[in-house]
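Chemist: What follows is the file entry06.cif, containing mmCIF, C-alpha atoms:
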```cif
data_run
#
loop_
_atom_site.label_atom_id
_atom_site.label_comp_id
_atom_site.auth_asym_id
_atom_site.auth_seq_id
_atom_site.Cartn_x
_atom_site.Cartn_y
_atom_site.Cartn_z
CA MET A 1 18.72 17.55 -10.29
CA SER A 2 16.24 16.67 -7.62
CA ASN A 3 14.69 18.63 -4.83
CA LEU A 4 15.20 15.78 -2.42
CA PRO A 5 17.88 16.69 0.11
CA HIS A 6 21.20 14.90 -0.23
CA PHE A 7 21.74 11.62 1.57
CA ASP A 8 23.84 8.48 1.24
CA TYR A 9 22.37 5.22 0.08
CA ILE A 10 23.45 1.68 0.73
CA LYS A 11 22.08 -1.69 -0.30
CA PRO A 12 23.41 -4.18 2.28
CA CYS A 13 23.86 -7.81 1.26
CA SER A 14 22.43 -9.27 4.45
CA LEU A 15 20.05 -8.46 7.25
CA LYS A 16 22.90 -8.61 9.74
CA GLU A 17 24.85 -6.00 7.78
CA ALA A 18 21.75 -3.79 7.57
CA CYS A 19 21.28 -3.96 11.35
CA MET A 20 24.96 -3.20 11.97
CA ILE A 21 24.78 -0.09 9.78
CA MET A 22 21.57 1.06 11.43
CA SER A 23 23.10 0.52 14.84
CA GLU A 24 26.21 2.57 13.98
CA LYS A 25 24.26 5.43 12.43
CA GLY A 26 21.39 5.46 14.93
CA GLU A 27 18.69 8.02 14.24
CA LEU A 28 20.60 9.33 11.20
CA ALA A 29 19.85 6.17 9.20
CA LYS A 30 16.46 5.01 7.99
CA PRO A 31 15.50 1.68 6.48
CA PHE A 32 14.21 2.16 2.94
CA ALA A 33 11.65 -0.25 1.48
CA GLY A 34 8.92 0.95 -0.90
CA GLY A 35 9.66 4.59 -0.10
CA THR A 36 6.03 5.56 -0.58
CA ASP A 37 5.82 7.18 2.87
CA LEU A 38 9.50 7.99 3.48
CA ILE A 39 10.09 9.94 0.25
CA VAL A 40 6.99 12.05 0.93
CA GLN A 41 8.16 12.78 4.48
CA MET A 42 11.64 13.65 3.21
CA ARG A 43 10.32 16.03 0.55
CA ALA A 44 8.25 17.74 3.23
CA GLY A 45 11.39 18.06 5.37
CA LYS A 46 9.78 16.07 8.19
CA VAL A 47 12.60 13.52 8.27
CA LYS A 48 16.19 14.22 7.26
CA PRO A 49 18.13 10.95 7.19
CA GLU A 50 21.82 11.02 6.30
CA LEU A 51 21.70 7.45 5.10
CA LEU A 52 19.02 5.28 3.57
CA VAL A 53 19.49 1.55 4.02
CA ASP A 54 17.71 -0.21 1.15
CA ILE A 55 16.33 -3.47 2.57
CA LYS A 56 13.95 -4.25 -0.29
CA GLU A 57 16.04 -7.02 -1.77
CA LEU A 58 16.86 -9.00 1.35
CA GLY A 59 14.33 -11.69 0.47
CA LEU A 60 11.76 -10.75 3.10
CA ASP A 61 8.89 -10.90 0.65
CA LYS A 62 7.31 -14.34 1.09
CA ILE A 63 3.90 -15.36 2.38
CA GLN A 64 3.98 -18.82 3.94
CA HIS A 65 1.66 -21.19 5.75
CA LEU A 66 3.68 -22.42 8.73
CA SER A 67 3.44 -25.99 10.03
CA ASN A 68 1.80 -24.77 13.27
CA GLY A 69 -1.13 -23.38 11.29
CA LYS A 70 0.04 -19.78 11.54
CA ILE A 71 0.72 -17.58 8.55
CA SER A 72 3.96 -15.69 8.02
CA ILE A 73 3.87 -12.51 5.93
CA GLY A 74 7.29 -11.15 4.99
CA ALA A 75 7.65 -7.49 5.98
CA LEU A 76 8.78 -6.55 2.47
CA CYS A 77 5.73 -8.00 0.72
CA THR A 78 4.21 -5.25 -1.39
CA ILE A 79 0.62 -4.30 -0.61
CA ASN A 80 -0.45 -5.72 -3.98
CA SER A 81 1.30 -9.04 -3.36
CA VAL A 82 -0.72 -9.36 -0.12
CA ILE A 83 -3.93 -8.60 -2.03
CA GLU A 84 -3.10 -11.18 -4.71
CA ASP A 85 -2.23 -13.96 -2.26
CA ASP A 86 -4.86 -16.74 -2.32
CA LEU A 87 -4.18 -17.79 1.27
CA ILE A 88 -4.73 -14.28 2.65
CA ARG A 89 -7.73 -13.72 0.39
CA THR A 90 -9.47 -16.89 1.58
CA LYS A 91 -8.58 -16.84 5.26
CA PHE A 92 -8.44 -13.14 6.07
CA PRO A 93 -10.70 -11.21 3.68
CA PHE A 94 -10.46 -8.11 5.86
CA ILE A 95 -6.71 -7.82 5.32
CA VAL A 96 -7.43 -7.72 1.58
CA GLU A 97 -10.28 -5.23 2.13
CA ALA A 98 -7.95 -2.94 4.07
CA ALA A 99 -5.14 -3.30 1.53
CA GLU A 100 -7.39 -2.63 -1.46
CA GLU A 101 -8.52 0.63 0.11
CA MET A 102 -4.98 1.93 0.27
CA ALA A 103 -3.89 4.74 -2.06
CA SER A 104 -3.38 3.72 -5.70
CA MET A 105 -2.17 0.80 -7.80
CA GLN A 106 1.21 2.55 -8.18
CA ILE A 107 1.64 2.90 -4.42
CA ARG A 108 0.41 -0.65 -3.73
CA ASN A 109 2.95 -1.99 -6.24
CA ARG A 110 5.74 -0.31 -4.31
CA GLY A 111 4.65 0.14 -0.68
CA THR A 112 5.14 -2.75 1.72
CA ILE A 113 3.13 -4.22 4.58
CA GLY A 114 6.10 -3.72 6.91
CA GLY A 115 6.47 -0.10 5.85
CA ASN A 116 2.79 0.54 6.46
CA ILE A 117 2.93 -0.68 10.05
CA CYS A 118 6.46 0.59 10.86
CA ASN A 119 5.47 4.11 9.86
CA ALA A 120 2.74 3.70 12.46
CA ALA A 121 0.53 6.44 11.06
CA PRO A 122 -2.71 6.49 13.09
CA SER A 123 -4.53 6.12 9.75
CA ALA A 124 -2.51 3.08 8.56
CA ASP A 125 -5.09 0.63 7.24
CA LEU A 126 -3.31 -2.69 7.73
CA ALA A 127 -2.79 -2.25 11.47
CA GLN A 128 -6.44 -2.83 12.32
CA PRO A 129 -6.99 -6.25 10.70
CA LEU A 130 -3.57 -7.49 11.83
CA LEU A 131 -4.34 -6.52 15.42
CA ALA A 132 -7.79 -8.09 15.19
CA VAL A 133 -6.31 -11.44 14.13
CA GLY A 134 -3.47 -11.16 16.62
CA GLY A 135 0.04 -12.47 16.34
CA ILE A 136 3.60 -11.34 16.57
CA ALA A 137 6.06 -9.11 14.77
CA LYS A 138 9.48 -10.70 14.27
CA VAL A 139 12.33 -8.21 14.33
CA GLU A 140 16.04 -8.53 13.75
CA GLY A 141 18.63 -6.36 15.47
CA VAL A 142 22.36 -6.40 16.20
CA LYS A 143 21.71 -8.59 19.25
CA GLY A 144 19.69 -11.11 17.27
CA SER A 145 16.00 -11.58 16.66
CA ARG A 146 13.07 -11.06 18.98
CA GLU A 147 9.30 -11.23 18.87
CA ILE A 148 6.94 -8.41 19.74
CA ASP A 149 3.27 -9.09 20.38
CA LEU A 150 1.36 -7.11 17.74
CA SER A 151 -0.76 -5.54 20.49
CA LYS A 152 2.42 -3.95 21.88
CA PHE A 153 3.89 -2.93 18.51
CA PHE A 154 2.33 0.52 18.20
CA VAL A 155 3.54 2.98 20.81
CA GLY A 156 2.37 6.36 19.48
CA PRO A 157 1.81 8.29 16.24
CA GLY A 158 4.81 7.36 14.08
CA LYS A 159 6.31 5.33 16.94
CA THR A 160 6.73 1.59 17.25
CA ALA A 161 8.40 -0.73 19.76
CA LEU A 162 11.40 -1.12 17.40
CA SER A 163 14.75 0.30 18.43
CA THR A 164 16.93 2.12 15.88
CA ASP A 165 19.02 -0.93 14.93
CA GLU A 166 16.00 -3.18 14.45
CA ILE A 167 14.27 -4.18 11.25
CA LEU A 168 10.86 -5.81 11.05
CA THR A 169 11.32 -9.07 9.15
CA GLU A 170 7.96 -10.81 9.26
CA ILE A 171 4.51 -10.68 10.72
CA ILE A 172 3.18 -14.00 11.97
CA ILE A 173 -0.57 -14.10 12.40
CA ASP A 174 -2.69 -16.74 14.07
CA GLU A 175 -5.08 -18.86 12.06
CA LEU A 176 -8.74 -18.15 12.73
CA PRO A 177 -10.92 -21.05 13.96
CA LYS A 178 -13.74 -22.35 11.77
CA HIS A 179 -17.01 -20.37 11.71
CA SER A 180 -15.00 -17.18 11.84
CA GLY A 181 -15.71 -14.11 9.75
CA THR A 182 -13.85 -10.84 9.30
CA ALA A 183 -14.53 -7.45 7.74
CA TYR A 184 -12.84 -4.07 7.37
CA VAL A 185 -14.83 -0.91 6.77
CA ARG A 186 -13.25 2.44 6.12
CA LEU A 187 -14.45 6.00 5.77
CA LYS A 188 -12.71 8.20 3.22
CA ARG A 189 -13.59 10.89 0.72
CA ASN A 190 -11.95 9.59 -2.44
CA ALA A 191 -9.60 6.92 -3.77
CA MET A 192 -6.34 8.53 -2.71
CA ASP A 193 -7.51 9.71 0.71
CA LEU A 194 -6.23 8.39 4.02
CA ALA A 195 -8.74 6.73 6.32
CA LEU A 196 -10.82 9.12 8.41
CA VAL A 197 -11.91 6.06 10.38
CA GLY A 198 -11.12 2.37 9.76
CA ILE A 199 -12.81 -0.45 11.65
CA ALA A 200 -11.74 -4.10 11.62
CA ALA A 201 -14.04 -6.74 13.07
CA SER A 202 -13.56 -10.45 13.54
CA VAL A 203 -16.10 -12.85 15.07
CA THR A 204 -16.13 -16.60 15.73
CA LEU A 205 -19.35 -18.56 16.23
CA ASP A 206 -20.07 -21.96 17.75
CA GLU A 207 -22.15 -24.63 15.98
CA ASP A 208 -25.36 -22.96 17.22
CA GLY A 209 -24.39 -19.51 15.97
CA ILE A 210 -23.49 -18.15 19.41
CA CYS A 211 -20.56 -15.73 19.44
CA LEU A 212 -17.53 -17.41 21.02
CA SER A 213 -15.04 -14.63 20.48
CA ALA A 214 -14.90 -11.22 18.90
CA LYS A 215 -12.38 -8.51 18.16
CA ILE A 216 -13.02 -4.90 17.18
CA VAL A 217 -10.10 -2.63 16.31
CA LEU A 218 -10.53 1.09 15.69
CA GLY A 219 -8.15 2.97 13.40
CA ALA A 220 -7.50 6.69 12.85
CA VAL A 221 -9.39 7.61 16.03
CA GLY A 222 -6.51 7.65 18.48
CA PRO A 223 -2.72 7.99 18.60
CA THR A 224 -2.44 4.24 17.95
CA PRO A 225 -5.00 1.65 16.82
CA ILE A 226 -7.45 0.93 19.63
CA ILE A 227 -8.34 -2.67 20.50
CA ALA A 228 -11.90 -2.15 21.73
CA GLU A 229 -12.01 -5.00 24.22
CA GLU A 230 -15.06 -3.86 26.20
CA ALA A 231 -17.03 -3.40 22.99
CA ALA A 232 -16.10 -6.87 21.75
CA ALA A 233 -16.90 -8.40 25.18
CA ALA A 234 -20.50 -7.23 24.81
CA LEU A 235 -20.88 -9.66 21.90
CA ILE A 236 -19.71 -12.87 23.59
CA GLY A 237 -22.56 -15.30 24.23
CA THR A 238 -24.99 -13.41 22.00
CA LYS A 239 -26.35 -14.43 18.59
CA LEU A 240 -24.96 -11.17 17.19
CA ASP A 241 -28.50 -9.81 16.98
CA LYS A 242 -29.17 -6.17 16.11
CA GLN A 243 -29.35 -5.12 19.76
CA SER A 244 -25.98 -6.65 20.76
CA ILE A 245 -24.24 -5.22 17.71
CA GLU A 246 -25.64 -1.76 18.43
CA LYS A 247 -24.51 -2.00 22.04
CA ALA A 248 -20.97 -2.97 20.95
CA ALA A 249 -20.95 -0.11 18.44
CA SER A 250 -21.96 2.38 21.11
CA LEU A 251 -19.20 1.10 23.43
CA ALA A 252 -16.71 1.37 20.54
CA GLU A 253 -17.72 5.02 20.08
CA ASP A 254 -17.00 5.65 23.78
CA LEU A 255 -13.58 3.98 23.50
CA SER A 256 -12.49 6.05 20.50
CA LYS A 257 -10.28 9.10 21.08
CA PRO A 258 -10.50 11.03 17.82
CA ILE A 259 -9.03 14.46 17.17
CA ASP A 260 -9.98 17.37 14.91
CA ASP A 261 -7.70 17.65 11.91
CA ILE A 262 -7.67 18.76 8.30
CA ARG A 263 -9.57 15.68 7.14
CA SER A 264 -12.33 15.45 9.72
CA LYS A 265 -13.76 16.69 12.99
CA ALA A 266 -13.56 14.59 16.14
CA TRP A 267 -17.35 14.45 16.65
CA TYR A 268 -17.85 13.21 13.10
CA ARG A 269 -15.18 10.56 13.50
CA ARG A 270 -16.73 9.39 16.78
CA LYS A 271 -20.21 9.10 15.22
CA SER A 272 -18.68 7.22 12.29
CA VAL A 273 -17.02 4.73 14.63
CA GLY A 274 -20.50 3.61 15.72
CA THR A 275 -21.93 3.38 12.22
CA LEU A 276 -18.88 1.64 10.76
CA THR A 277 -18.63 -0.81 13.67
CA ILE A 278 -22.20 -1.93 12.96
CA LYS A 279 -21.39 -2.40 9.27
CA ALA A 280 -18.16 -4.28 10.00
CA LEU A 281 -19.80 -6.59 12.55
CA GLU A 282 -22.77 -7.36 10.28
CA SER A 283 -20.47 -8.21 7.42
CA ALA A 284 -18.13 -10.30 9.61
CA HIS A 285 -21.15 -12.13 11.09
CA LYS A 286 -22.49 -13.00 7.65
CA ARG A 287 -19.13 -14.37 6.58
CA ALA A 288 -18.80 -16.38 9.80
CA GLN A 289 -22.16 -18.03 9.07
CA ASP A 290 -20.90 -19.00 5.61
CA ASN A 291 -17.58 -20.39 6.85
CA MET B 1 27.24 5.46 -7.68
CA ASN B 2 26.85 3.45 -10.84
CA VAL B 3 23.35 2.26 -11.72
CA GLU B 4 22.55 -0.06 -14.60
CA PHE B 5 19.11 -0.93 -15.83
CA LEU B 6 17.13 -1.86 -18.88
CA LEU B 7 15.40 1.23 -20.28
CA ASN B 8 12.78 0.58 -22.96
CA GLY B 9 14.63 -2.59 -23.90
CA LYS B 10 18.13 -1.06 -24.01
CA LYS B 11 20.80 -1.56 -21.40
CA VAL B 12 21.80 1.78 -19.88
CA SER B 13 24.26 2.84 -17.24
CA ILE B 14 24.48 6.10 -15.33
CA ASP B 15 26.74 7.62 -12.72
CA ALA B 16 24.07 8.86 -10.33
CA LYS B 17 23.74 10.62 -6.98
CA PRO B 18 21.79 8.68 -4.33
CA HIS B 19 19.11 11.34 -3.99
CA TRP B 20 18.17 11.30 -7.67
CA THR B 21 14.81 9.78 -8.49
CA LEU B 22 14.00 7.72 -11.55
CA LEU B 23 11.74 10.56 -12.71
CA ASN B 24 14.60 13.07 -12.70
CA VAL B 25 16.96 10.67 -14.39
CA LEU B 26 14.47 9.88 -17.16
CA ARG B 27 13.68 13.51 -17.90
CA GLU B 28 17.01 15.19 -17.33
CA HIS B 29 19.60 12.55 -18.17
CA PHE B 30 17.89 10.53 -20.87
CA ASP B 31 15.70 13.36 -22.24
CA LEU B 32 12.64 11.14 -21.99
CA THR B 33 10.25 13.96 -21.18
CA GLY B 34 7.12 11.97 -21.95
CA THR B 35 7.08 11.02 -18.28
CA LYS B 36 5.69 14.07 -16.51
CA LYS B 37 6.59 15.67 -13.23
CA GLY B 38 3.47 16.50 -11.21
CA CYS B 39 3.03 16.43 -7.45
CA GLU B 40 6.21 14.48 -6.66
CA THR B 41 4.45 12.86 -3.72
CA GLY B 42 2.77 9.89 -5.38
CA GLU B 43 -0.67 11.47 -5.53
CA CYS B 44 -1.19 12.44 -9.19
CA GLY B 45 0.29 9.59 -11.25
CA ALA B 46 1.67 11.86 -14.02
CA CYS B 47 5.11 10.26 -13.52
CA THR B 48 3.86 6.65 -13.85
CA VAL B 49 6.26 4.20 -15.52
CA LEU B 50 6.59 0.43 -15.39
CA ILE B 51 9.30 -1.22 -13.30
CA ASP B 52 9.48 -4.95 -14.04
CA GLY B 53 6.01 -4.66 -15.60
CA LYS B 54 4.33 -3.03 -12.58
CA ASN B 55 3.13 0.57 -12.72
CA VAL B 56 4.80 2.77 -10.11
CA ASN B 57 5.34 6.47 -9.38
CA SER B 58 8.80 7.27 -10.73
CA CYS B 59 8.95 10.36 -8.49
CA MET B 60 9.29 8.07 -5.48
CA ALA B 61 11.62 5.47 -6.96
CA LEU B 62 15.16 6.30 -5.85
CA ILE B 63 17.55 5.62 -8.69
CA GLY B 64 19.56 3.14 -6.61
CA SER B 65 16.51 0.94 -6.22
CA VAL B 66 16.17 0.72 -10.02
CA ASP B 67 19.56 -1.02 -10.44
CA GLY B 68 19.15 -4.26 -12.37
CA LYS B 69 15.48 -3.61 -13.13
CA GLU B 70 13.53 -3.23 -16.35
CA VAL B 71 11.99 0.21 -16.86
CA THR B 72 9.39 1.02 -19.51
CA THR B 73 8.29 4.59 -20.23
CA ILE B 74 5.69 5.98 -22.61
CA GLU B 75 8.44 6.31 -25.24
CA GLY B 76 8.95 2.55 -25.05
CA LEU B 77 5.40 1.79 -26.19
CA THR B 78 5.89 3.03 -29.72
CA LYS B 79 7.35 0.32 -31.93
CA ASN B 80 8.69 1.09 -35.44
CA GLY B 81 6.93 4.45 -35.43
CA GLN B 82 3.58 2.79 -34.71
CA LEU B 83 1.55 3.91 -31.73
CA ASN B 84 0.49 1.31 -29.19
CA PRO B 85 -3.23 0.25 -29.29
CA ILE B 86 -3.78 2.13 -26.01
CA GLN B 87 -2.44 5.35 -27.50
CA LYS B 88 -4.55 4.83 -30.63
CA ALA B 89 -7.69 4.28 -28.55
CA PHE B 90 -7.05 7.43 -26.49
CA ILE B 91 -6.82 9.48 -29.72
CA GLU B 92 -9.82 7.74 -31.28
CA LYS B 93 -12.08 8.38 -28.26
CA ALA B 94 -10.76 11.90 -27.57
CA ALA B 95 -9.58 10.78 -24.15
CA ILE B 96 -6.97 13.55 -24.13
CA GLN B 97 -7.46 17.23 -23.45
CA CYS B 98 -4.46 19.04 -22.02
CA GLY B 99 -2.49 15.80 -22.24
CA TYR B 100 -0.49 16.14 -19.06
CA CYS B 101 -1.94 13.06 -17.37
CA THR B 102 -1.97 11.01 -20.57
CA PRO B 103 1.46 9.32 -20.54
CA GLY B 104 1.02 8.21 -16.92
CA MET B 105 -2.54 7.14 -17.58
CA VAL B 106 -1.46 5.09 -20.61
CA MET B 107 1.24 3.35 -18.57
CA SER B 108 -1.28 2.39 -15.88
CA VAL B 109 -3.59 1.05 -18.57
CA LYS B 110 -0.75 -1.01 -20.07
CA ALA B 111 -0.04 -2.56 -16.64
CA LEU B 112 -3.76 -3.30 -16.25
CA LEU B 113 -4.25 -4.88 -19.69
CA ASP B 114 -1.09 -6.99 -19.45
CA GLU B 115 -2.61 -8.58 -16.32
CA ASN B 116 -6.25 -8.47 -17.34
CA PRO B 117 -6.99 -7.99 -21.07
CA ASN B 118 -10.75 -7.67 -20.55
CA PRO B 119 -11.33 -5.52 -17.47
CA THR B 120 -14.78 -4.48 -16.27
CA LYS B 121 -15.62 -0.81 -15.78
CA GLU B 122 -15.08 -1.21 -12.02
CA GLU B 123 -11.69 -2.86 -12.58
CA ILE B 124 -10.70 -0.01 -14.90
CA LYS B 125 -11.68 2.61 -12.31
CA TYR B 126 -9.74 0.75 -9.60
CA ALA B 127 -6.69 0.50 -11.87
CA ILE B 128 -6.55 4.20 -12.79
CA ALA B 129 -7.51 5.62 -9.38
CA GLY B 130 -3.91 6.80 -8.95
CA ASN B 131 -3.90 8.81 -12.19
CA LEU B 132 -5.59 12.16 -11.80
CA CYS B 133 -7.12 13.88 -14.82
CA ARG B 134 -8.48 17.39 -14.33
CA CYS B 135 -9.90 17.83 -17.85
CA THR B 136 -11.87 14.88 -19.15
CA GLY B 137 -13.94 13.80 -16.15
CA TYR B 138 -12.60 10.31 -16.98
CA GLU B 139 -15.59 9.34 -19.15
CA GLN B 140 -13.71 9.31 -22.47
CA ILE B 141 -10.70 7.68 -20.83
CA ILE B 142 -12.82 4.78 -19.56
CA GLU B 143 -14.55 4.53 -22.96
CA ALA B 144 -11.16 4.40 -24.67
CA ILE B 145 -9.93 1.63 -22.37
CA GLU B 146 -13.13 -0.37 -22.88
CA SER B 147 -12.67 -0.15 -26.65
CA ILE B 148 -9.19 -1.71 -26.70
CA GLU B 149 -8.84 -5.24 -28.01
CA TRP B 150 -5.68 -6.19 -26.19
CA GLY B 151 -3.39 -8.75 -27.72
CA GLY B 152 -0.41 -8.00 -25.51
CA GLU B 153 3.04 -7.39 -26.96
CA ASP B 154 2.19 -8.87 -30.37
CA CYS B 155 -0.07 -6.03 -31.43
CA GLU B 156 2.30 -3.28 -30.33
#
```
Any chance you could put this one into structure tokens?

Modeler:
Amino acid sequence: MSNLPHFDYIKPCSLKEACMIMSEKGELAKPFAGGTDLIVQMRAGKVKPELLVDIKELGLDKIQHLSNGKISIGALCTINSVIEDDLIRTKFPFIVEAAEEMASMQIRNRGTIGGNICNAAPSADLAQPLLAVGGIAKVEGVKGSREIDLSKFFVGPGKTALSTDEILTEIIIDELPKHSGTAYVRLKRNAMDLALVGIAASVTLDEDGICLSAKIVLGAVGPTPIIAEEAAAALIGTKLDKQSIEKAASLAEDLSKPIDDIRSKAWYRRKSVGTLTIKALESAHKRAQDN
Amino acid sequence: MNVEFLLNGKKVSIDAKPHWTLLNVLREHFDLTGTKKGCETGECGACTVLIDGKNVNSCMALIGSVDGKEVTTIEGLTKNGQLNPIQKAFIEKAAIQCGYCTPGMVMSVKALLDENPNPTKEEIKYAIAGNLCRCTGYEQIIEAIESIEWGGEDCE
């Protein structure tokens, strides 16, 4: 009936049960959420799970403002529910910008934020803004829950810090201080394309418009997202004038490690890192001045 | 495994294999061949249906994940032999050539108009970006969508 290979399917009633099953089955089981990446990989024969553990209905789909000012995004929130959330839209416009760039309405209605980052594709759009804000990933495993700093979450292409029995449950991001601005800029050929390059920028100004802190994260130009610390450091203490932004962009280019592939050449990606970093910083700066 | 769901308003039940997709079940078990099989990787949108009112690619929806949900296909838009206003507009504006993308396109438009009855041209383009059409160049499709006066379920 279908050209998907055979596999078993289970919908556990609790997170604990899901972790137990994943622990027993090890590499042969895969958590199943939106399926928008997994089904494609399975059709291509790239992954051959014996068991899919459907975690979509375990109630991990809430976005909440925590009492400590941080924001919790449930791992099973669909991409569109993140886009439609007023809190995210107001506080972190670059998360919405990254999410809106992803694939199609159909995919965004089904795909989840947790799935996007757990697949850890170098071109995953949501990784960059999340890393630029900073925070933690909360995961649940057979031994209980633990927290992973987002900066340590991505280990390699398709690889995260999760072990086989662990399930990402929520992403808790820090609140940005006032006079902060964020932007995400992405290079792609058409609506359905993956990012050739994706740059997230976040800046915070003091009352006089001097840059207090900055983050630049480069996507699709390395095995994992690159937090361009040296590039961002060049902005601290400046008024984010043209010269400082161009210097940061040039440093970002140097920090990128792009490869040649079917969608782009490395040299073109590297050049684009510079151009897109300028655009992202200018846009983030403007928003910081308005906030 | 047994899967029950609401299909175009009727409760259905099927003894399914875990690797079956909603697309296969619709076409091969329920003979609802209006929903088309295209790329089967979520790129083309020919298989678009609504699950709980949201447009999704049925080629990537495992049948087990549809249990307890409400599914609407292109066949579910026709009420008492009357075409839906979206279908009428597509015919009126000649927004159909080969017709293969049309059912999926119409389902995406239904999801859009249910949320936003008066979309701008940009909102329309954003909403149908996941439905590929290789014939029309999209111009007539966008014109058709712009011409619809959407009154929701009442006018269907």

Chemist: Convert the output of the PyMOL selection byres ((chain A) within 8 of (chain B)) on the shown file into explicit residues, formatted as an MDAnalysis selection string.

Modeler: chainID A and resid 1:2 4:9 35:36 39:40 43 54 103:107 109:110 191:192

Chemist: Extract, using all atoms listed in the file, all DNA, RNA and protein residues at most 9 Å from Glu146 (chain B), discarding same-chain residues fewer than 3 positions from it, and format them as a PyMOL selection string.

Modeler: chain B and resi 118-121+124+141-143+149

Chemist: If the PyMOL selection byres ((chain A and resi 156) around 12) were run on this exact file, what residues would it hold? Put them as an NGL selection string.

Modeler: :A and (117-123 or 152-155 or 157-162 or 220 or 222-226)

Chemist: So which residues get picked by the PyMOL selection byres ((chain B and resi 3) around 7) here, written as a PyMOL selection string?

Modeler: chain B and resi 1-2+4-5+13-16+64+67

Chemist: Selection from above, C-alpha atoms, as a PDB file, keeping the file's coordinate frame, can you write it?

Modeler:
```
ATOM      1  CA  MET B   1      27.240   5.460  -7.680  1.00  0.00           C
ATOM      2  CA  ASN B   2      26.850   3.450 -10.840  1.00  0.00           C
ATOM      3  CA  GLU B   4      22.550  -0.060 -14.600  1.00  0.00           C
ATOM      4  CA  PHE B   5      19.110  -0.930 -15.830  1.00  0.00           C
ATOM      5  CA  SER B  13      24.260   2.840 -17.240  1.00  0.00           C
ATOM      6  CA  ILE B  14      24.480   6.100 -15.330  1.00  0.00           C
ATOM      7  CA  ASP B  15      26.740   7.620 -12.720  1.00  0.00           C
ATOM      8  CA  ALA B  16      24.070   8.860 -10.330  1.00  0.00           C
ATOM      9  CA  GLY B  64      19.560   3.140  -6.610  1.00  0.00           C
ATOM     10  CA  ASP B  67      19.560  -1.020 -10.440  1.00  0.00           C
TER      11      ASP B  67
END
```

Chemist: Around (16.3, 4.2, -16.5) in the file's own coordinates, what residues are found within 7 Å if you use only C-alpha atoms, given back as a list of chain:residue names?

Modeler: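 Residues close enough to count: B:Phe5, B:Leu6, B:Leu7, B:Val12, B:Leu22, B:Val25, B:Leu26, B:Val71.
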
Chemist: How many Å separate CA of Ser151 (chain A) from CA of Leu126 (chain A)?

Modeler: 13.3 Å

Chemist: Write out as a list in words which residues come within 10 Å of His179 (chain A) when counting all atoms listed in the file, dropping same-chain ones fewer than 4 positions away.

Modeler: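 Neighbouring residues, sequence-local ones excluded: Val203, Thr204, Leu205, Asp206, Glu207, Gly209, Cys211, Leu212, His285, Arg287, Ala288, Gln289, Asp290 and Asn291 of chain A.
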
Chemist: Hey, can you check how far CA of Lys62 (chain A) sits from CA of Gly9 (chain B)?

Modeler: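 Those two atoms sit 28.6 Å apart.
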
Chemist: Calculate how many Å separate CA of Ala94 (chain B) from CA of Gly34 (chain B), rounding to one decimal.

Modeler: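 About the pair CA of Ala94 (chain B) and CA of Gly34 (chain B): they are 18.7 Å apart.
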
Chemist: Name all residues at most 6 Å from Ala249 (chain A) (count only C-alpha atoms; drop same-chain ones fewer than 6 positions away) and give them as a list in words.

Modeler: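 That gives Gly274, Thr277 and Ile278 of chain A.
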
Chemist: Taking (-11.7, 12.5, 17.5) in the file's coordinates as the center, which residues reach within 6 Å of it, counting all atoms listed in the file, put as a ChimeraX atom specification?

Modeler: /A:221,257-260,266,269-270

Chemist: Env of Val133 (chain A): 12 Å cut, atoms = all atoms listed in the file, seq-sep filter 2 positions within chain, self excluded. Answer as a VMD selection string.

Modeler: chain A and resid 70 to 71 88 91 to 95 126 to 131 135 to 136 149 to 151 171 to 177 180 to 184 200 to 204 213 to 217 227

Chemist: List as a PyMOL selection string the protein and nucleic acid residues near Gly198 (chain A), meaning an atom at most 7 Å away when all atoms listed in the file are counted, but skip any in the same chain fewer than 5 places from it.

Modeler: chain A and resi 125+185-187+218-220

Chemist: Between A:Ile63, A:Ala232, A:Met42, A:Leu15, which is the closest to Gly144 (chain A) once you count only C-alpha atoms?

Modeler: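 Residue with the minimum atom-to-atom distance to Gly144 (chain A): A:Leu15.
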